[in-house]
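Have a look at target-v8.cif; it's mmCIF, N, CA and C atoms:
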data_query
loop_
_atom_site.group_PDB
_atom_site.id
_atom_site.type_symbol
_atom_site.label_atom_id
_atom_site.label_comp_id
_atom_site.auth_asym_id
_atom_site.auth_seq_id
_atom_site.Cartn_x
_atom_site.Cartn_y
_atom_site.Cartn_z
ATOM 1 N N MET Q 240 45.620 102.429 188.567
ATOM 2 C CA MET Q 240 44.243 102.475 189.023
ATOM 3 C C MET Q 240 43.805 101.060 189.405
ATOM 4 N N PRO Q 241 43.202 100.884 190.583
ATOM 5 C CA PRO Q 241 42.773 99.545 191.003
ATOM 6 C C PRO Q 241 41.598 99.038 190.172
ATOM 7 N N LYS Q 242 41.530 97.724 190.073
ATOM 8 C CA LYS Q 242 40.410 97.087 189.354
ATOM 9 C C LYS Q 242 39.141 97.268 190.171
ATOM 10 N N PRO Q 243 38.001 97.428 189.494
ATOM 11 C CA PRO Q 243 36.742 97.562 190.237
ATOM 12 C C PRO Q 243 36.318 96.236 190.856
ATOM 13 N N SER Q 244 35.673 96.308 192.006
ATOM 14 C CA SER Q 244 35.149 95.107 192.663
ATOM 15 C C SER Q 244 33.825 94.700 192.049
ATOM 16 N N ALA Q 245 33.484 93.443 192.216
ATOM 17 C CA ALA Q 245 32.155 92.973 191.825
ATOM 18 C C ALA Q 245 31.165 93.482 192.865
ATOM 19 N N GLU Q 246 29.988 93.824 192.436
ATOM 20 C CA GLU Q 246 28.935 94.313 193.328
ATOM 21 C C GLU Q 246 27.965 93.171 193.623
ATOM 22 N N PRO Q 247 27.229 93.250 194.733
ATOM 23 C CA PRO Q 247 26.267 92.180 195.056
ATOM 24 C C PRO Q 247 25.268 91.902 193.930
ATOM 25 N N HIS Q 248 24.836 92.945 193.241
ATOM 26 C CA HIS Q 248 23.872 92.728 192.153
ATOM 27 C C HIS Q 248 24.482 91.956 190.989
ATOM 28 N N HIS Q 249 25.790 91.969 190.845
ATOM 29 C CA HIS Q 249 26.434 91.184 189.788
ATOM 30 C C HIS Q 249 26.251 89.688 190.036
ATOM 31 N N ALA Q 250 26.333 89.269 191.291
ATOM 32 C CA ALA Q 250 26.115 87.849 191.619
ATOM 33 C C ALA Q 250 24.689 87.443 191.275
ATOM 34 N N SER Q 251 23.731 88.292 191.596
ATOM 35 C CA SER Q 251 22.329 88.011 191.271
ATOM 36 C C SER Q 251 22.118 87.950 189.768
ATOM 37 N N GLU Q 252 22.743 88.880 189.053
ATOM 38 C CA GLU Q 252 22.603 88.907 187.596
ATOM 39 C C GLU Q 252 23.213 87.664 186.959
ATOM 40 N N LEU Q 253 24.394 87.262 187.412
ATOM 41 C CA LEU Q 253 25.036 86.072 186.862
ATOM 42 C C LEU Q 253 24.212 84.824 187.156
ATOM 43 N N THR Q 254 23.667 84.721 188.359
ATOM 44 C CA THR Q 254 22.793 83.595 188.701
ATOM 45 C C THR Q 254 21.592 83.551 187.768
ATOM 46 N N ARG Q 255 20.966 84.690 187.534
ATOM 47 C CA ARG Q 255 19.810 84.761 186.638
ATOM 48 C C ARG Q 255 20.185 84.336 185.223
ATOM 49 N N LEU Q 256 21.318 84.813 184.718
ATOM 50 C CA LEU Q 256 21.750 84.449 183.363
ATOM 51 C C LEU Q 256 21.991 82.944 183.240
ATOM 52 N N LEU Q 257 22.608 82.350 184.251
ATOM 53 C CA LEU Q 257 22.850 80.908 184.234
ATOM 54 C C LEU Q 257 21.540 80.130 184.302
ATOM 55 N N HIS Q 258 20.622 80.549 185.166
ATOM 56 C CA HIS Q 258 19.332 79.864 185.297
ATOM 57 C C HIS Q 258 18.504 80.025 184.030
ATOM 58 N N ASP Q 259 18.589 81.194 183.374
ATOM 59 C CA ASP Q 259 17.879 81.403 182.106
ATOM 60 C C ASP Q 259 18.356 80.423 181.034
ATOM 61 N N ARG Q 260 19.579 79.934 181.156
ATOM 62 C CA ARG Q 260 20.131 78.977 180.193
ATOM 63 C C ARG Q 260 20.014 77.540 180.694
ATOM 64 N N GLY Q 261 19.162 77.335 181.717
ATOM 65 C CA GLY Q 261 18.860 75.988 182.187
ATOM 66 C C GLY Q 261 19.836 75.420 183.206
ATOM 67 N N GLN Q 262 20.719 76.216 183.725
ATOM 68 C CA GLN Q 262 21.723 75.748 184.688
ATOM 69 C C GLN Q 262 21.257 76.045 186.118
ATOM 70 N N ASN Q 263 20.122 75.475 186.490
ATOM 71 C CA ASN Q 263 19.491 75.779 187.780
ATOM 72 C C ASN Q 263 20.228 75.190 188.979
ATOM 73 N N HIS Q 264 21.157 74.277 188.753
ATOM 74 C CA HIS Q 264 21.927 73.685 189.849
ATOM 75 C C HIS Q 264 23.090 74.575 190.298
ATOM 76 N N LEU Q 265 23.362 75.642 189.552
ATOM 77 C CA LEU Q 265 24.494 76.506 189.856
ATOM 78 C C LEU Q 265 24.088 77.697 190.713
ATOM 79 N N ARG Q 266 25.030 78.146 191.518
ATOM 80 C CA ARG Q 266 24.853 79.370 192.306
ATOM 81 C C ARG Q 266 26.135 80.182 192.189
ATOM 82 N N VAL Q 267 26.075 81.436 192.619
ATOM 83 C CA VAL Q 267 27.213 82.339 192.466
ATOM 84 C C VAL Q 267 27.567 82.938 193.818
ATOM 85 N N ARG Q 268 28.859 82.957 194.106
ATOM 86 C CA ARG Q 268 29.382 83.559 195.328
ATOM 87 C C ARG Q 268 30.290 84.716 194.920
ATOM 88 N N LYS Q 269 30.143 85.856 195.588
ATOM 89 C CA LYS Q 269 30.942 87.049 195.295
ATOM 90 C C LYS Q 269 32.019 87.227 196.354
ATOM 91 N N ARG Q 270 33.227 87.543 195.898
ATOM 92 C CA ARG Q 270 34.312 87.882 196.804
ATOM 93 C C ARG Q 270 35.254 88.831 196.079
ATOM 94 N N GLY Q 271 35.339 90.038 196.544
ATOM 95 C CA GLY Q 271 36.191 91.043 195.898
ATOM 96 C C GLY Q 271 35.753 91.286 194.469
ATOM 97 N N ALA Q 272 36.667 91.116 193.536
ATOM 98 C CA ALA Q 272 36.374 91.336 192.115
ATOM 99 C C ALA Q 272 35.947 90.058 191.405
ATOM 100 N N VAL Q 273 35.700 88.980 192.171
ATOM 101 C CA VAL Q 273 35.453 87.666 191.575
ATOM 102 C C VAL Q 273 34.048 87.163 191.883
ATOM 103 N N LEU Q 274 33.417 86.563 190.863
ATOM 104 C CA LEU Q 274 32.144 85.860 191.000
ATOM 105 C C LEU Q 274 32.422 84.390 190.717
ATOM 106 N N THR Q 275 32.310 83.552 191.733
ATOM 107 C CA THR Q 275 32.599 82.132 191.587
ATOM 108 C C THR Q 275 31.312 81.361 191.344
ATOM 109 N N ILE Q 276 31.296 80.557 190.286
ATOM 110 C CA ILE Q 276 30.156 79.722 189.936
ATOM 111 C C ILE Q 276 30.399 78.358 190.570
ATOM 112 N N GLU Q 277 29.457 77.930 191.421
ATOM 113 C CA GLU Q 277 29.635 76.679 192.141
ATOM 114 C C GLU Q 277 28.327 75.924 192.255
ATOM 115 N N SER Q 278 28.435 74.671 192.690
ATOM 116 C CA SER Q 278 27.262 73.836 192.933
ATOM 117 C C SER Q 278 27.597 72.885 194.072
ATOM 118 N N GLY Q 279 26.655 72.023 194.405
ATOM 119 C CA GLY Q 279 26.885 71.060 195.470
ATOM 120 C C GLY Q 279 26.551 71.623 196.836
ATOM 121 N N PRO Q 280 26.958 70.919 197.884
ATOM 122 C CA PRO Q 280 26.632 71.349 199.239
ATOM 123 C C PRO Q 280 27.338 72.662 199.600
ATOM 124 N N ASP Q 281 26.675 73.464 200.435
ATOM 125 C CA ASP Q 281 27.241 74.755 200.835
ATOM 126 C C ASP Q 281 28.555 74.599 201.601
ATOM 127 N N ASP Q 282 28.678 73.538 202.386
ATOM 128 C CA ASP Q 282 29.874 73.373 203.205
ATOM 129 C C ASP Q 282 31.042 72.732 202.445
ATOM 130 N N ALA Q 283 30.805 72.211 201.259
ATOM 131 C CA ALA Q 283 31.864 71.632 200.421
ATOM 132 C C ALA Q 283 31.501 71.814 198.948
ATOM 133 N N PRO Q 284 31.492 73.068 198.472
ATOM 134 C CA PRO Q 284 31.030 73.319 197.104
ATOM 135 C C PRO Q 284 32.025 72.844 196.050
ATOM 136 N N TRP Q 285 31.485 72.532 194.875
ATOM 137 C CA TRP Q 285 32.285 72.245 193.697
ATOM 138 C C TRP Q 285 32.397 73.534 192.915
ATOM 139 N N ARG Q 286 33.605 73.974 192.699
ATOM 140 C CA ARG Q 286 33.831 75.205 191.949
ATOM 141 C C ARG Q 286 33.991 74.843 190.471
ATOM 142 N N HIS Q 287 33.225 75.518 189.639
ATOM 143 C CA HIS Q 287 33.231 75.216 188.209
ATOM 144 C C HIS Q 287 34.027 76.248 187.403
ATOM 145 N N ALA Q 288 33.696 77.506 187.613
ATOM 146 C CA ALA Q 288 34.323 78.586 186.844
ATOM 147 C C ALA Q 288 34.150 79.869 187.641
ATOM 148 N N ARG Q 289 34.805 80.907 187.173
ATOM 149 C CA ARG Q 289 34.590 82.203 187.815
ATOM 150 C C ARG Q 289 34.805 83.322 186.813
ATOM 151 N N LEU Q 290 34.150 84.432 187.095
ATOM 152 C CA LEU Q 290 34.326 85.652 186.313
ATOM 153 C C LEU Q 290 35.055 86.653 187.197
ATOM 154 N N ARG Q 291 36.077 87.275 186.640
ATOM 155 C CA ARG Q 291 36.826 88.298 187.368
ATOM 156 C C ARG Q 291 36.564 89.640 186.700
ATOM 157 N N ARG Q 292 36.138 90.606 187.477
ATOM 158 C CA ARG Q 292 35.857 91.926 186.917
ATOM 159 C C ARG Q 292 37.167 92.574 186.513
ATOM 160 N N ASP Q 293 37.227 93.005 185.249
ATOM 161 C CA ASP Q 293 38.440 93.598 184.705
ATOM 162 C C ASP Q 293 38.304 95.109 184.555
ATOM 163 N N THR Q 294 37.152 95.532 184.048
ATOM 164 C CA THR Q 294 36.844 96.960 183.928
ATOM 165 C C THR Q 294 35.396 97.137 184.356
ATOM 166 N N VAL Q 295 34.872 98.319 184.179
ATOM 167 C CA VAL Q 295 33.492 98.578 184.579
ATOM 168 C C VAL Q 295 32.524 97.623 183.890
ATOM 169 N N HIS Q 296 32.757 97.309 182.614
ATOM 170 C CA HIS Q 296 31.831 96.477 181.848
ATOM 171 C C HIS Q 296 32.397 95.129 181.411
ATOM 172 N N LEU Q 297 33.688 94.911 181.560
ATOM 173 C CA LEU Q 297 34.302 93.684 181.048
ATOM 174 C C LEU Q 297 34.758 92.764 182.175
ATOM 175 N N TRP Q 298 34.612 91.471 181.898
ATOM 176 C CA TRP Q 298 34.984 90.415 182.834
ATOM 177 C C TRP Q 298 35.894 89.439 182.106
ATOM 178 N N THR Q 299 36.695 88.679 182.848
ATOM 179 C CA THR Q 299 37.490 87.599 182.273
ATOM 180 C C THR Q 299 36.971 86.280 182.831
ATOM 181 N N LEU Q 300 37.115 85.228 182.045
ATOM 182 C CA LEU Q 300 36.650 83.899 182.437
ATOM 183 C C LEU Q 300 37.830 83.060 182.896
ATOM 184 N N GLU Q 301 37.672 82.422 184.053
ATOM 185 C CA GLU Q 301 38.687 81.506 184.588
ATOM 186 C C GLU Q 301 38.010 80.178 184.876
ATOM 187 N N MET Q 302 38.747 79.074 184.675
ATOM 188 C CA MET Q 302 38.199 77.738 184.877
ATOM 189 C C MET Q 302 38.899 77.064 186.047
ATOM 190 N N ALA Q 303 38.125 76.284 186.793
ATOM 191 C CA ALA Q 303 38.694 75.508 187.896
ATOM 192 C C ALA Q 303 39.511 74.355 187.341
ATOM 193 N N THR Q 304 40.583 73.999 188.037
ATOM 194 C CA THR Q 304 41.400 72.855 187.655
ATOM 195 C C THR Q 304 41.266 71.772 188.718
ATOM 196 N N ARG Q 305 41.785 70.617 188.438
ATOM 197 C CA ARG Q 305 41.698 69.511 189.399
ATOM 198 C C ARG Q 305 42.426 69.814 190.700
ATOM 199 N N GLY Q 306 43.486 70.564 190.640
ATOM 200 C CA GLY Q 306 44.290 70.849 191.818
ATOM 201 C C GLY Q 306 43.779 72.012 192.650
ATOM 202 N N ALA Q 307 42.510 72.349 192.511
ATOM 203 C CA ALA Q 307 41.885 73.440 193.262
ATOM 204 C C ALA Q 307 42.542 74.787 192.976
ATOM 205 N N THR Q 308 43.053 74.940 191.755
ATOM 206 C CA THR Q 308 43.578 76.230 191.325
ATOM 207 C C THR Q 308 42.721 76.732 190.174
ATOM 208 N N TRP Q 309 43.071 77.884 189.647
ATOM 209 C CA TRP Q 309 42.300 78.496 188.571
ATOM 210 C C TRP Q 309 43.191 78.734 187.364
ATOM 211 N N GLU Q 310 42.613 78.507 186.197
ATOM 212 C CA GLU Q 310 43.337 78.733 184.952
ATOM 213 C C GLU Q 310 42.631 79.837 184.175
ATOM 214 N N ARG Q 311 43.391 80.827 183.781
ATOM 215 C CA ARG Q 311 42.828 81.911 182.974
ATOM 216 C C ARG Q 311 42.532 81.409 181.566
ATOM 217 N N THR Q 312 41.500 81.965 180.987
ATOM 218 C CA THR Q 312 41.194 81.684 179.587
ATOM 219 C C THR Q 312 41.438 82.974 178.800
ATOM 220 N N PRO Q 313 41.445 82.909 177.491
ATOM 221 C CA PRO Q 313 41.636 84.134 176.700
ATOM 222 C C PRO Q 313 40.347 84.948 176.539
ATOM 223 N N PHE Q 314 39.276 84.532 177.192
ATOM 224 C CA PHE Q 314 37.986 85.179 176.988
ATOM 225 C C PHE Q 314 37.810 86.374 177.914
ATOM 226 N N ARG Q 315 37.503 87.519 177.305
ATOM 227 C CA ARG Q 315 37.262 88.772 178.023
ATOM 228 C C ARG Q 315 36.104 89.459 177.319
ATOM 229 N N ALA Q 316 35.004 89.650 178.044
ATOM 230 C CA ALA Q 316 33.804 90.226 177.427
ATOM 231 C C ALA Q 316 32.845 90.669 178.525
ATOM 232 N N GLN Q 317 31.665 91.099 178.106
ATOM 233 C CA GLN Q 317 30.628 91.422 179.070
ATOM 234 C C GLN Q 317 30.080 90.129 179.663
ATOM 235 N N MET Q 318 29.463 90.244 180.807
ATOM 236 C CA MET Q 318 29.020 89.073 181.559
ATOM 237 C C MET Q 318 28.134 88.135 180.740
ATOM 238 N N GLY Q 319 27.146 88.658 180.061
ATOM 239 C CA GLY Q 319 26.235 87.826 179.270
ATOM 240 C C GLY Q 319 26.951 87.050 178.181
ATOM 241 N N GLU Q 320 27.925 87.673 177.556
ATOM 242 C CA GLU Q 320 28.694 86.992 176.507
ATOM 243 C C GLU Q 320 29.532 85.858 177.090
ATOM 244 N N LEU Q 321 30.085 86.063 178.283
ATOM 245 C CA LEU Q 321 30.884 85.005 178.905
ATOM 246 C C LEU Q 321 30.014 83.837 179.360
ATOM 247 N N VAL Q 322 28.779 84.115 179.759
ATOM 248 C CA VAL Q 322 27.857 83.025 180.094
ATOM 249 C C VAL Q 322 27.572 82.192 178.850
ATOM 250 N N GLU Q 323 27.401 82.842 177.705
ATOM 251 C CA GLU Q 323 27.210 82.110 176.446
ATOM 252 C C GLU Q 323 28.430 81.258 176.119
ATOM 253 N N VAL Q 324 29.621 81.804 176.274
ATOM 254 C CA VAL Q 324 30.853 81.047 176.027
ATOM 255 C C VAL Q 324 30.897 79.824 176.939
ATOM 256 N N LEU Q 325 30.630 80.034 178.221
ATOM 257 C CA LEU Q 325 30.699 78.944 179.190
ATOM 258 C C LEU Q 325 29.683 77.852 178.891
ATOM 259 N N THR Q 326 28.445 78.224 178.630
ATOM 260 C CA THR Q 326 27.394 77.222 178.432
ATOM 261 C C THR Q 326 27.423 76.600 177.042
ATOM 262 N N ASP Q 327 27.875 77.317 176.036
ATOM 263 C CA ASP Q 327 27.893 76.794 174.670
ATOM 264 C C ASP Q 327 29.199 76.083 174.309
ATOM 265 N N MET Q 328 30.329 76.621 174.747
ATOM 266 C CA MET Q 328 31.624 76.065 174.352
ATOM 267 C C MET Q 328 32.210 75.093 175.378
ATOM 268 N N PHE Q 329 31.834 75.241 176.645
ATOM 269 C CA PHE Q 329 32.410 74.417 177.715
ATOM 270 C C PHE Q 329 31.334 73.844 178.633
ATOM 271 N N PRO Q 330 30.291 73.222 178.081
ATOM 272 C CA PRO Q 330 29.184 72.760 178.934
ATOM 273 C C PRO Q 330 29.589 71.700 179.946
ATOM 274 N N TRP Q 331 30.599 70.889 179.644
ATOM 275 C CA TRP Q 331 31.016 69.834 180.578
ATOM 276 C C TRP Q 331 31.605 70.410 181.866
ATOM 277 N N THR Q 332 32.065 71.659 181.832
ATOM 278 C CA THR Q 332 32.664 72.246 183.033
ATOM 279 C C THR Q 332 31.626 72.676 184.061
ATOM 280 N N ILE Q 333 30.375 72.742 183.650
ATOM 281 C CA ILE Q 333 29.326 73.191 184.588
ATOM 282 C C ILE Q 333 28.243 72.128 184.789
ATOM 283 N N GLU Q 334 28.551 70.891 184.398
ATOM 284 C CA GLU Q 334 27.582 69.803 184.620
ATOM 285 C C GLU Q 334 27.411 69.554 186.111
ATOM 286 N N PRO Q 335 26.222 69.056 186.508
ATOM 287 C CA PRO Q 335 26.036 68.681 187.926
ATOM 288 C C PRO Q 335 27.041 67.610 188.330
ATOM 289 N N MET Q 336 27.545 67.720 189.541
ATOM 290 C CA MET Q 336 28.564 66.799 190.046
ATOM 291 C C MET Q 336 27.926 65.762 190.973
ATOM 292 N N ASP Q 337 26.996 64.991 190.457
ATOM 293 C CA ASP Q 337 26.276 63.992 191.280
ATOM 294 C C ASP Q 337 27.117 62.803 191.601
#

Would you kindly transcribe this structure into structure tokens?
Amino acid sequence: MPKPSAEPHHASELTRLLHDRGQNHLRVRKRGAVLTIESGPDDAPWRHARLRRDTVHLWTLEMATRGATWERTPFRAQMGELVEVLTDMFPWTIEPMD
């Protein structure tokens, strides 16, 4: 059975959750089953992390690496829980890139 895709409202929800936690510099881009958290200029964004839809309600957390690749983490949960993990356990990964 194929994995479910992310829906447009998921990007809006993730943006709201991040902004509710004070991360107003971040935005979310949706592509297929992935929600990419990014900041910076639209034409050259800095990718911080992404959520990949795994099931109807569960997502996995992936982190950007220096080599423009992605590293999977062991975290798999609902979107709100992964936002807490990202902002509480890995705050340096989503700092503004000024």

Please evaluate the PyMOL selection byres (((chain Q and resi 293 and name CA) around 12) and name CA) against the displayed coordinates and give the resulting residues as a short mmCIF file (atom, residue, chain, number, x, y, z; two decimals) with N, CA and C atoms, in the coordinates of the input.
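Once written, part31.cif looks like this:
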data_model
loop_
_atom_site.label_atom_id
_atom_site.label_comp_id
_atom_site.auth_asym_id
_atom_site.auth_seq_id
_atom_site.Cartn_x
_atom_site.Cartn_y
_atom_site.Cartn_z
N MET Q 240 45.62 102.43 188.57
CA MET Q 240 44.24 102.48 189.02
C MET Q 240 43.80 101.06 189.40
N PRO Q 241 43.20 100.88 190.58
CA PRO Q 241 42.77 99.54 191.00
C PRO Q 241 41.60 99.04 190.17
N LYS Q 242 41.53 97.72 190.07
CA LYS Q 242 40.41 97.09 189.35
C LYS Q 242 39.14 97.27 190.17
N PRO Q 243 38.00 97.43 189.49
CA PRO Q 243 36.74 97.56 190.24
C PRO Q 243 36.32 96.24 190.86
N SER Q 244 35.67 96.31 192.01
CA SER Q 244 35.15 95.11 192.66
C SER Q 244 33.83 94.70 192.05
N ALA Q 245 33.48 93.44 192.22
CA ALA Q 245 32.16 92.97 191.82
C ALA Q 245 31.16 93.48 192.86
N GLY Q 271 35.34 90.04 196.54
CA GLY Q 271 36.19 91.04 195.90
C GLY Q 271 35.75 91.29 194.47
N ALA Q 272 36.67 91.12 193.54
CA ALA Q 272 36.37 91.34 192.12
C ALA Q 272 35.95 90.06 191.40
N VAL Q 273 35.70 88.98 192.17
CA VAL Q 273 35.45 87.67 191.58
C VAL Q 273 34.05 87.16 191.88
N LEU Q 274 33.42 86.56 190.86
CA LEU Q 274 32.14 85.86 191.00
C LEU Q 274 32.42 84.39 190.72
N LEU Q 290 34.15 84.43 187.10
CA LEU Q 290 34.33 85.65 186.31
C LEU Q 290 35.06 86.65 187.20
N ARG Q 291 36.08 87.28 186.64
CA ARG Q 291 36.83 88.30 187.37
C ARG Q 291 36.56 89.64 186.70
N ARG Q 292 36.14 90.61 187.48
CA ARG Q 292 35.86 91.93 186.92
C ARG Q 292 37.17 92.57 186.51
N THR Q 294 37.15 95.53 184.05
CA THR Q 294 36.84 96.96 183.93
C THR Q 294 35.40 97.14 184.36
N VAL Q 295 34.87 98.32 184.18
CA VAL Q 295 33.49 98.58 184.58
C VAL Q 295 32.52 97.62 183.89
N HIS Q 296 32.76 97.31 182.61
CA HIS Q 296 31.83 96.48 181.85
C HIS Q 296 32.40 95.13 181.41
N LEU Q 297 33.69 94.91 181.56
CA LEU Q 297 34.30 93.68 181.05
C LEU Q 297 34.76 92.76 182.18
N TRP Q 298 34.61 91.47 181.90
CA TRP Q 298 34.98 90.42 182.83
C TRP Q 298 35.89 89.44 182.11
N THR Q 299 36.70 88.68 182.85
CA THR Q 299 37.49 87.60 182.27
C THR Q 299 36.97 86.28 182.83
N LEU Q 300 37.12 85.23 182.04
CA LEU Q 300 36.65 83.90 182.44
C LEU Q 300 37.83 83.06 182.90
N PHE Q 314 39.28 84.53 177.19
CA PHE Q 314 37.99 85.18 176.99
C PHE Q 314 37.81 86.37 177.91
N ARG Q 315 37.50 87.52 177.30
CA ARG Q 315 37.26 88.77 178.02
C ARG Q 315 36.10 89.46 177.32
N ALA Q 316 35.00 89.65 178.04
CA ALA Q 316 33.80 90.23 177.43
C ALA Q 316 32.84 90.67 178.52
N GLN Q 317 31.66 91.10 178.11
CA GLN Q 317 30.63 91.42 179.07
C GLN Q 317 30.08 90.13 179.66
N MET Q 318 29.46 90.24 180.81
CA MET Q 318 29.02 89.07 181.56
C MET Q 318 28.13 88.14 180.74
#

Query raised in the report: Written as a ChimeraX atom specification, what is the full residue list that the PyMOL selection byres ((chain Q and resi 303) around 6) yields on the file shown?
Result: /Q:286-289,301-302,304-305,308-310

Query raised in the report: Using only N, CA and C atoms, which of Q:Pro280, Q:Arg270, Q:Leu256, Q:Gly306 sits nearest Glu323 of chain Q?
Result: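 Comparing Q:Pro280, Q:Arg270, Q:Leu256, Q:Gly306 against Glu323 of chain Q, the winner is Q:Leu256.
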
Report task. Step by step, work through what the PyMOL selection byres ((chain Q and resi 265) around 7) selects in the shown file, and finish by giving those residues as a list in words. Result ->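 Output of the PyMOL selection byres ((chain Q and resi 265) around 7): Thr254, Gln262, Asn263, His264, Arg266, Val267, Ile276, Glu277, Ser278 and Gly279 of chain Q.
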
Those same residues, written as a PDB file, in the coordinates of the input with N, CA and C atoms?
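Writing the result to again_25.pdb gives the following:
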ATOM      1  N   THR Q 254      23.667  84.721 188.359  1.00  0.00           N
ATOM      2  CA  THR Q 254      22.793  83.595 188.701  1.00  0.00           C
ATOM      3  C   THR Q 254      21.592  83.551 187.768  1.00  0.00           C
ATOM      4  N   GLN Q 262      20.719  76.216 183.725  1.00  0.00           N
ATOM      5  CA  GLN Q 262      21.723  75.748 184.688  1.00  0.00           C
ATOM      6  C   GLN Q 262      21.257  76.045 186.118  1.00  0.00           C
ATOM      7  N   ASN Q 263      20.122  75.475 186.490  1.00  0.00           N
ATOM      8  CA  ASN Q 263      19.491  75.779 187.780  1.00  0.00           C
ATOM      9  C   ASN Q 263      20.228  75.190 188.979  1.00  0.00           C
ATOM     10  N   HIS Q 264      21.157  74.277 188.753  1.00  0.00           N
ATOM     11  CA  HIS Q 264      21.927  73.685 189.849  1.00  0.00           C
ATOM     12  C   HIS Q 264      23.090  74.575 190.298  1.00  0.00           C
ATOM     13  N   ARG Q 266      25.030  78.146 191.518  1.00  0.00           N
ATOM     14  CA  ARG Q 266      24.853  79.370 192.306  1.00  0.00           C
ATOM     15  C   ARG Q 266      26.135  80.182 192.189  1.00  0.00           C
ATOM     16  N   VAL Q 267      26.075  81.436 192.619  1.00  0.00           N
ATOM     17  CA  VAL Q 267      27.213  82.339 192.466  1.00  0.00           C
ATOM     18  C   VAL Q 267      27.567  82.938 193.818  1.00  0.00           C
ATOM     19  N   ILE Q 276      31.296  80.557 190.286  1.00  0.00           N
ATOM     20  CA  ILE Q 276      30.156  79.722 189.936  1.00  0.00           C
ATOM     21  C   ILE Q 276      30.399  78.358 190.570  1.00  0.00           C
ATOM     22  N   GLU Q 277      29.457  77.930 191.421  1.00  0.00           N
ATOM     23  CA  GLU Q 277      29.635  76.679 192.141  1.00  0.00           C
ATOM     24  C   GLU Q 277      28.327  75.924 192.255  1.00  0.00           C
ATOM     25  N   SER Q 278      28.435  74.671 192.690  1.00  0.00           N
ATOM     26  CA  SER Q 278      27.262  73.836 192.933  1.00  0.00           C
ATOM     27  C   SER Q 278      27.597  72.885 194.072  1.00  0.00           C
ATOM     28  N   GLY Q 279      26.655  72.023 194.405  1.00  0.00           N
ATOM     29  CA  GLY Q 279      26.885  71.060 195.470  1.00  0.00           C
ATOM     30  C   GLY Q 279      26.551  71.623 196.836  1.00  0.00           C
TER      31      GLY Q 279
END

Query - For atom N of Leu257 of chain Q and atom N of Val322 of chain Q, the interatomic separation in Å (one decimal) - result: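 Calculated distance between atom N of Leu257 of chain Q and atom N of Val322 of chain Q is 7.8 Å.
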
Report task. Rank nothing, just name the residue among Q:Arg260, Q:Leu321, Q:Phe329, Q:Pro284 nearest to Ala307 of chain Q, using only C-alpha atoms. Result ->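 Closest residue, counting only C-alpha atoms: Q:Pro284.
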
Requested in this report: Using DSSP on the backbone coordinates, identify all residues within chain Q classified as helix (DSSP H, G or I); present the result as a PyMOL selection string.
Outcome: chain Q and resi 247-259+318-328+330-333

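Our summary of the geometry notes that atom CA of Ala283 of chain Q is positioned 17.4 Å from atom CA of Thr332 of chain Q.
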
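Nearest-residue note for Lys269 of chain Q: choosing from Q:Val324, Q:His249, Q:Asp282, Q:Arg255, the minimum distance belongs to Q:His249, counting only N, CA and C atoms.
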
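Relative to atom CA of Asp281 of chain Q, atom N of Asp259 of chain Q is found at 20.5 Å.
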